[in-house]
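Participant: My questions all concern the structure below.
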Amino acid sequence: MKTIRRSLSIIYVAAIVAIMAAFPAWLPAQTAAVKSSDASSGSAMQWSVQVDRVNPGDLEVAYSFQVAIYENLLKELNKTKQFKQVFRDGDRNASDVPNLLVLQTTVEKYTPGSETRRAVTTVSGATKLTVRSQLLTREGKIVLERRVNGNVRLFGSNLRATHNLARNIAKAIKQSRWDVG
Amino acid sequence: MNSYFVRQALIRVWALLFCSSLGALAQSTAPPVKASAPFSIRATHLLGLENTKSNCNGTLSIQGDALQFQQGEKPGAEVKATSIQAVFLGGESKQVGGLPMKLGKAAAPYGGGRVVSLFAHKKYDTLTLVYVDSDGGVHGAIFQLSKGQGELVTNLLKARGVSPSSGEYQTTKQSTVEVMDENN
C-alpha cells in the first residue's frame with residue numbers, strides 16, 4: 001500500500017513538472033497577444049512622450065488597477081529608452097517640449113479575477129485586461145493605435161496583470177513604426 | 001399615600017438621571033480622534049512612491065500634514081496632504097505563504113494543495129493615493145494594509161486637509177474576490 005502511495009506521489013509530481021515543461025508560457029503568469037509590426041522606429045529618440053491617466057471607459061475598473069497601469073506604463077516606457085523624456089500627466093514641463101506625443105490608454109475589457117480561485121481551480125479566476133493604446137500628437141493626430149492584453153492566468157497577484165499590460169504596451173510601441181508627418 | 005407617590009417619582013427621576021449620565025460617560029470615554037496626533041501602522045508599499053521599492057514592507061505614518069512611508073532605517077518618502085487629489089479604498093484577497101507555500105502546495109499529492117489554497121488566503125485593504133508633484137505631474141501610490149486599517153487612514157487624511165476644495169475625495173469599497181465575467 002505504501003509503495004503504491006509513494007509511486008502515485010512520484011507520478012503526480014512528475015505530471016506537474018511535465019505540464020510546466022509543456023506549457024512554459026503559463027509560467028510568467030501572462031499571455032499577451034500584441035499586434036505589432038516588424039519594423040522598429042528609428043526616430044523615436046527625438047520624441048518625448050506624455051502618459052495620460054488611464055481612462056476606464058464605461059467599465060468599473062478598480063482604482064488601484066487604473067493607478068497601477070499608469071505607474072507601470074511610466075516605468076516601462078522609461079526602461080525602453082525609446083523616448084527622450086517621459087512625462088507624467090499634468091506635468092508643466094511637457095508644454096515646453098517641441099516634439100511631444102501623448103499616450104492615451106482606454107480600458108476595453110476588464111475581468112478582476114481572483115488569486116484564490118486561480119490557486120484552487122487553475123483554469124478559472126484569471127485577471128484579464130484589454131486596453132486600447134493610442135499615441136497622439138499635440139494636434140490630436142493618431143500616430144499609433146494598438147489593442148493590448150495583460151493577463152494573470154496562474155501565478156501572481158491580480159495587480160501583476162497591470163505590470164504585464166504595461167510591459168506589453170511598451171513592447172508594442174518599441175516594435176512599431178509610426179508616421180508623424 | 002401622598003409621600004409614597006413623591007418618593008416613587010423621585011426614585012424614577014434619579015434613575016433617569018443616572019442612566020443618562022452613564023450614557024454621557026460612555027460617550028466621553030470613547031477614544032478621541034485627534035487629527036494632529038502622530039499615527040503609524042505597518043503597511044506594504046505595492047508601487048508608486050518615489051525612491052521606494054515596490055512590494056516592500058514598512059511603516060506608514062501620518063505626521064503633521066504629511067503621509068510618510070519608511071522602510072526600516074532608510075529615510076522615508078513623503079506626500080503632503082495638500083498635494084493629494086484623491087484617496088481610494090479597496091479590498092483584495094491574497095494567498096499567504098509566498099513561494100515556499102506555493103511549492104508545498106504544488107508538491108502535495110491528491111490535490112491537497114488546492115484544499116490548502118481554499119483556506120490559505122487573507123483579506124487586505126488597498127489604499128490608493130493620487131497626488132501631484134511640484135511640477136503638476138500626477139503620481140499614484142498603492143499600499144496594502146491589514147483589513148480595517150485602510151478606513152482609519154482615509155479618515156485621518158480627510159481630517160488633515162484632503163478636502164473637496166483641494167481635490168476629489170472618494171472612498172469606495174471594491175472587491176476583487178469574485179469573478180463575474182470569466183469568458184471574455
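Chain labels follow the order of the C-alpha cells: the first chain is A, the next B, and so on; residue numbering restarts at 1 in every chain, and ligands are counted from 1 in their shown order.
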Write down, as a list in words, each residue of chain A that has any atom within 7 Å of an atom of chain B, counting only C-alpha atoms.

Facilitator: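 Close to chain B, chain A has Ser9, Tyr12, Val13, Ala62, Tyr63, Ser64, Val67, Glu71, Arg88, Asp89, Gly90, Asp91, Arg92, Thr111, Pro112, Gly113, Ser114, Glu115, Thr116, Ala119, Val120 and Gly125 of chain A.
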
Participant: Find the residues around Asn78 (chain A) up to 12 Å (only C-alpha atoms counted), leave out those fewer than 3 positions away in its own chain, and share them as a PDB file with C-alpha atoms, in the first residue's frame.

Facilitator:
```pdb
ATOM      1  CA  MET A  45      14.564  59.005 -29.578  1.00  0.00           C
ATOM      2  CA  SER A  48       9.168  62.773 -25.869  1.00  0.00           C
ATOM      3  CA  VAL A  49       6.003  61.226 -24.561  1.00  0.00           C
ATOM      4  CA  GLN A  50       3.437  62.279 -22.004  1.00  0.00           C
ATOM      5  CA  VAL A  51       1.463  59.479 -20.381  1.00  0.00           C
ATOM      6  CA  GLU A  71       2.623  53.974 -12.889  1.00  0.00           C
ATOM      7  CA  ASN A  72       3.798  50.780 -14.588  1.00  0.00           C
ATOM      8  CA  LEU A  73       3.497  52.430 -18.010  1.00  0.00           C
ATOM      9  CA  LEU A  74       5.780  55.269 -16.901  1.00  0.00           C
ATOM     10  CA  LYS A  75       8.301  52.765 -15.574  1.00  0.00           C
ATOM     11  CA  LYS A  81      14.757  54.241 -23.740  1.00  0.00           C
ATOM     12  CA  GLN A  82      12.695  54.878 -26.868  1.00  0.00           C
ATOM     13  CA  PHE A  83      11.813  58.417 -25.884  1.00  0.00           C
ATOM     14  CA  LYS A  84      13.932  61.403 -24.977  1.00  0.00           C
ATOM     15  CA  GLN A  85      11.770  62.146 -21.946  1.00  0.00           C
ATOM     16  CA  VAL A  86       8.730  60.534 -20.371  1.00  0.00           C
ATOM     17  CA  PHE A  87       6.356  62.994 -18.723  1.00  0.00           C
ATOM     18  CA  ARG A  88       3.545  62.431 -16.306  1.00  0.00           C
ATOM     19  CA  ALA A 166       2.371  47.985 -19.293  1.00  0.00           C
ATOM     20  CA  ARG A 167       5.259  45.838 -20.456  1.00  0.00           C
ATOM     21  CA  ALA A 170       5.910  49.434 -24.126  1.00  0.00           C
ATOM     22  CA  LYS A 171       6.926  46.450 -26.254  1.00  0.00           C
ATOM     23  CA  LYS A 174       9.066  49.800 -29.346  1.00  0.00           C
TER      24      LYS A 174
END
```
